[in-house]
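Asks: Sharing a structure here in structure tokens format.
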Amino acid sequence: MAKLERIREALEGNLDPEYLKRRQQAGWRMVGIEWERKMEGDAEEVRPRVEESPFGTRVSGDCEHLEENPNEMQFLLSMMELIIQDISLTKVAEELNKKGFRTRKGTEWGPVAVFNMLPRLIELTPRIFATQEWVERRKQLTLVY
């Protein structure tokens with residue numbers, strides 16, 4: 001199956017038929033249109049519901065489901081390894097930062113942020129333990145600290 005490339009463009013002004021024609025000639029196919037209009041009433045009343053995908057996942061390319069986020073799953077695997085070794089959350093945060101992991105906001109991990117990630121790690125534990133990657137990593141676990 002051929003790989004698809006998608007882009008999203010913001011439209012300023014009216015839709016130009018010539019622009020659409022040039023895009024089609026360049027091999028692009030329109031797959032969606034998004035409409036908006038001003039509504040009467042307070043802007044506070046109409047707020048789209050926005051929530052982040054659970055840590056370890058991301059919105060898929062087709063925008064219809066969630067898929068595994070490889071970088072975040074590596075973070076969770078590393079966090080799991082360190083916690084299993086009974087390392088303090090402060091040391092866990094330090095080690096994760098040394099490995100180059102950052103939060104979704106791009107900041108370094110601290111003990112509180114690691115603590116707040118524990119419910120998600122617990123939720124994913126059965127799935128993590130079932131992976132071949134975890135089986136291999138578990139063999140290499142040694143108490144370092």
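If you're wondering about the labels, chains in the structure tokens are A, B, ... by order shown, residues count from 1 in each chain, ligands from 1 in order shown.
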Skipping near chain neighbours, those fewer than 3 positions away, what residues fall within 12 Å of Ser78 of chain A using only C-alpha atoms, listed as a PyMOL selection string?
Replies: chain A and resi 71-75+81-85+92-101+114+121+128+133-134+137-138+141
Asks: Take the residues that were just selected and, keeping N, CA and C atoms, output them as a PDB file, in the first residue's frame.
Replies:
ATOM      1  N   ASN A  71       8.454   6.877  21.736  1.00  0.00           N
ATOM      2  CA  ASN A  71       9.321   7.589  22.680  1.00  0.00           C
ATOM      3  C   ASN A  71       8.756   7.534  24.096  1.00  0.00           C
ATOM      4  N   GLU A  72       7.463   7.754  24.228  1.00  0.00           N
ATOM      5  CA  GLU A  72       6.849   7.729  25.552  1.00  0.00           C
ATOM      6  C   GLU A  72       6.824   6.318  26.117  1.00  0.00           C
ATOM      7  N   MET A  73       6.670   5.322  25.272  1.00  0.00           N
ATOM      8  CA  MET A  73       6.704   3.939  25.765  1.00  0.00           C
ATOM      9  C   MET A  73       8.109   3.577  26.233  1.00  0.00           C
ATOM     10  N   GLN A  74       9.145   4.071  25.566  1.00  0.00           N
ATOM     11  CA  GLN A  74      10.513   3.845  26.027  1.00  0.00           C
ATOM     12  C   GLN A  74      10.722   4.493  27.395  1.00  0.00           C
ATOM     13  N   PHE A  75      10.172   5.683  27.567  1.00  0.00           N
ATOM     14  CA  PHE A  75      10.242   6.346  28.871  1.00  0.00           C
ATOM     15  C   PHE A  75       9.588   5.464  29.940  1.00  0.00           C
ATOM     16  N   GLU A  81      11.775  -0.096  34.840  1.00  0.00           N
ATOM     17  CA  GLU A  81      13.038  -0.741  35.241  1.00  0.00           C
ATOM     18  C   GLU A  81      13.591  -0.132  36.527  1.00  0.00           C
ATOM     19  N   LEU A  82      13.601   1.192  36.574  1.00  0.00           N
ATOM     20  CA  LEU A  82      14.166   1.883  37.735  1.00  0.00           C
ATOM     21  C   LEU A  82      13.329   1.662  38.992  1.00  0.00           C
ATOM     22  N   ILE A  83      12.024   1.673  38.849  1.00  0.00           N
ATOM     23  CA  ILE A  83      11.155   1.478  40.009  1.00  0.00           C
ATOM     24  C   ILE A  83      11.270   0.054  40.532  1.00  0.00           C
ATOM     25  N   ILE A  84      11.380  -0.914  39.633  1.00  0.00           N
ATOM     26  CA  ILE A  84      11.531  -2.311  40.050  1.00  0.00           C
ATOM     27  C   ILE A  84      12.818  -2.493  40.839  1.00  0.00           C
ATOM     28  N   GLN A  85      13.822  -1.690  40.536  1.00  0.00           N
ATOM     29  CA  GLN A  85      15.087  -1.756  41.270  1.00  0.00           C
ATOM     30  C   GLN A  85      15.002  -1.029  42.616  1.00  0.00           C
ATOM     31  N   VAL A  92      15.042   8.233  40.237  1.00  0.00           N
ATOM     32  CA  VAL A  92      14.383   7.831  38.987  1.00  0.00           C
ATOM     33  C   VAL A  92      14.329   9.030  38.046  1.00  0.00           C
ATOM     34  N   ALA A  93      13.888  10.181  38.567  1.00  0.00           N
ATOM     35  CA  ALA A  93      13.806  11.391  37.744  1.00  0.00           C
ATOM     36  C   ALA A  93      15.183  11.771  37.204  1.00  0.00           C
ATOM     37  N   GLU A  94      16.205  11.711  38.050  1.00  0.00           N
ATOM     38  CA  GLU A  94      17.567  12.050  37.609  1.00  0.00           C
ATOM     39  C   GLU A  94      18.030  11.125  36.487  1.00  0.00           C
ATOM     40  N   GLU A  95      17.801   9.836  36.646  1.00  0.00           N
ATOM     41  CA  GLU A  95      18.235   8.864  35.632  1.00  0.00           C
ATOM     42  C   GLU A  95      17.489   9.060  34.312  1.00  0.00           C
ATOM     43  N   LEU A  96      16.190   9.314  34.398  1.00  0.00           N
ATOM     44  CA  LEU A  96      15.411   9.529  33.175  1.00  0.00           C
ATOM     45  C   LEU A  96      15.887  10.785  32.449  1.00  0.00           C
ATOM     46  N   ASN A  97      16.216  11.814  33.208  1.00  0.00           N
ATOM     47  CA  ASN A  97      16.740  13.041  32.593  1.00  0.00           C
ATOM     48  C   ASN A  97      18.102  12.788  31.954  1.00  0.00           C
ATOM     49  N   LYS A  98      18.944  11.979  32.607  1.00  0.00           N
ATOM     50  CA  LYS A  98      20.260  11.643  32.039  1.00  0.00           C
ATOM     51  C   LYS A  98      20.114  10.910  30.715  1.00  0.00           C
ATOM     52  N   LYS A  99      19.051  10.097  30.609  1.00  0.00           N
ATOM     53  CA  LYS A  99      18.810   9.345  29.374  1.00  0.00           C
ATOM     54  C   LYS A  99      18.194  10.218  28.286  1.00  0.00           C
ATOM     55  N   GLY A 100      17.909  11.477  28.613  1.00  0.00           N
ATOM     56  CA  GLY A 100      17.391  12.404  27.605  1.00  0.00           C
ATOM     57  C   GLY A 100      15.878  12.478  27.516  1.00  0.00           C
ATOM     58  N   PHE A 101      15.170  11.829  28.419  1.00  0.00           N
ATOM     59  CA  PHE A 101      13.710  11.893  28.386  1.00  0.00           C
ATOM     60  C   PHE A 101      13.245  13.241  28.916  1.00  0.00           C
ATOM     61  N   VAL A 114       7.281  12.311  38.137  1.00  0.00           N
ATOM     62  CA  VAL A 114       7.410  10.848  38.069  1.00  0.00           C
ATOM     63  C   VAL A 114       6.306  10.204  38.909  1.00  0.00           C
ATOM     64  N   LEU A 121       1.537   4.204  34.604  1.00  0.00           N
ATOM     65  CA  LEU A 121       2.434   3.053  34.536  1.00  0.00           C
ATOM     66  C   LEU A 121       1.724   1.805  35.051  1.00  0.00           C
ATOM     67  N   ILE A 128       2.800  -3.981  29.234  1.00  0.00           N
ATOM     68  CA  ILE A 128       4.262  -3.920  29.178  1.00  0.00           C
ATOM     69  C   ILE A 128       4.864  -5.293  29.465  1.00  0.00           C
ATOM     70  N   GLU A 133       9.945  -7.153  24.326  1.00  0.00           N
ATOM     71  CA  GLU A 133      10.965  -6.187  24.733  1.00  0.00           C
ATOM     72  C   GLU A 133      11.145  -6.202  26.249  1.00  0.00           C
ATOM     73  N   TRP A 134      10.042  -6.310  26.996  1.00  0.00           N
ATOM     74  CA  TRP A 134      10.170  -6.345  28.452  1.00  0.00           C
ATOM     75  C   TRP A 134      10.866  -7.623  28.916  1.00  0.00           C
ATOM     76  N   ARG A 137      14.490  -6.994  28.430  1.00  0.00           N
ATOM     77  CA  ARG A 137      14.996  -5.995  29.378  1.00  0.00           C
ATOM     78  C   ARG A 137      15.079  -6.568  30.791  1.00  0.00           C
ATOM     79  N   ARG A 138      14.101  -7.363  31.167  1.00  0.00           N
ATOM     80  CA  ARG A 138      14.064  -7.928  32.517  1.00  0.00           C
ATOM     81  C   ARG A 138      15.277  -8.819  32.765  1.00  0.00           C
ATOM     82  N   LEU A 141      18.202  -6.685  33.913  1.00  0.00           N
ATOM     83  CA  LEU A 141      18.069  -5.864  35.106  1.00  0.00           C
ATOM     84  C   LEU A 141      19.045  -6.319  36.191  1.00  0.00           C
TER      85      LEU A 141
END
Asks: If we count only C-alpha atoms, what is near Arg8 of chain A at a cut-off of 12 Å, once residues fewer than 2 positions away on the same chain are taken out, given as a list in words?
Replies: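 Near neighbours after the sequence-gap exclusion: Glu5, Arg6, Ala10, Leu11, Trp28, Met30, Val31, Gly32, Ile33 and Glu34 of chain A.
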Asks: Keeping only C-alpha atoms, write those residues as a short mmCIF file (atom, residue, chain, number, x, y, z; two decimals), in the first residue's frame.
Replies:
data_model
loop_
_atom_site.label_atom_id
_atom_site.label_comp_id
_atom_site.auth_asym_id
_atom_site.auth_seq_id
_atom_site.Cartn_x
_atom_site.Cartn_y
_atom_site.Cartn_z
CA GLU A 5 1.22 12.33 2.88
CA ARG A 6 -1.24 14.71 4.53
CA ALA A 10 -5.46 27.33 7.29
CA LEU A 11 -7.54 29.27 4.79
CA TRP A 28 -3.07 16.33 -4.04
CA MET A 30 -8.97 17.03 -1.06
CA VAL A 31 -10.08 14.77 1.79
CA GLY A 32 -11.94 17.14 4.07
CA ILE A 33 -13.29 20.60 4.64
CA GLU A 34 -13.77 22.26 8.02
#
Asks: Record the distance separating atom CA of Pro48 of chain A and atom CA of Leu124 of chain A, expressed in Å with one decimal.
Replies: 28.4 Å
Asks: From the list A:Glu12, A:Leu76, A:Glu68, A:Pro17, which residue is nearest Arg120 of chain A when using only C-alpha atoms?
Replies: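 The shortest atom-to-atom distance to Arg120 of chain A comes from A:Leu76.
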Asks: Step one, run DSSP on the backbone; step two, keep only residues of chain A assigned to alpha helix (DSSP H); then write them as a ChimeraX atom specification.
Replies: /A:17-25,70-84,89-98,111-129,132-140
Asks: Within 12 Å of Glu52 of chain A, counting only C-alpha atoms, which residues qualify if same-chain residues fewer than 4 places away don't, as a PyMOL selection string?
Replies: chain A and resi 56-59+66+104
Asks: Can I get the selection written as a PDB file, in the first residue's frame, with N, CA and C atoms?
Replies:
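Just written: part-v8.pdb:
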ATOM      1  N   GLY A  56       1.946   7.732  26.536  1.00  0.00           N
ATOM      2  CA  GLY A  56       2.319   6.482  25.884  1.00  0.00           C
ATOM      3  C   GLY A  56       1.565   6.268  24.587  1.00  0.00           C
ATOM      4  N   THR A  57       0.632   7.180  24.288  1.00  0.00           N
ATOM      5  CA  THR A  57      -0.134   7.087  23.045  1.00  0.00           C
ATOM      6  C   THR A  57      -0.101   8.425  22.321  1.00  0.00           C
ATOM      7  N   ARG A  58      -0.517   8.397  21.065  1.00  0.00           N
ATOM      8  CA  ARG A  58      -0.657   9.606  20.267  1.00  0.00           C
ATOM      9  C   ARG A  58      -1.790   9.377  19.278  1.00  0.00           C
ATOM     10  N   VAL A  59      -2.279  10.443  18.697  1.00  0.00           N
ATOM     11  CA  VAL A  59      -3.332  10.339  17.692  1.00  0.00           C
ATOM     12  C   VAL A  59      -2.705   9.786  16.422  1.00  0.00           C
ATOM     13  N   LEU A  66      -6.084   6.058  18.582  1.00  0.00           N
ATOM     14  CA  LEU A  66      -4.796   6.283  19.228  1.00  0.00           C
ATOM     15  C   LEU A  66      -3.857   5.147  18.864  1.00  0.00           C
ATOM     16  N   ARG A 104       6.113  16.071  28.175  1.00  0.00           N
ATOM     17  CA  ARG A 104       5.476  16.530  26.938  1.00  0.00           C
ATOM     18  C   ARG A 104       5.675  18.026  26.730  1.00  0.00           C
TER      19      ARG A 104
END
Asks: What does the distance from atom CA of Arg127 of chain A to atom CA of Leu77 of chain A come to in Å, to one decimal?
Replies: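 Answer for the atom CA of Arg127 of chain A to atom CA of Leu77 of chain A separation: 11.0 Å.
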Asks: Name the residues of segment 1-119 of chain A that come out as strand (DSSP E or B) in a backbone DSSP run; write them as a VMD selection string.
Replies: chain A and resid 57 to 59 66 to 68
Asks: Could you tell me how far atom CA of Ala130 of chain A sits from atom CA of Pro54 of chain A, in Å to one decimal place?
Replies: 19.4 Å
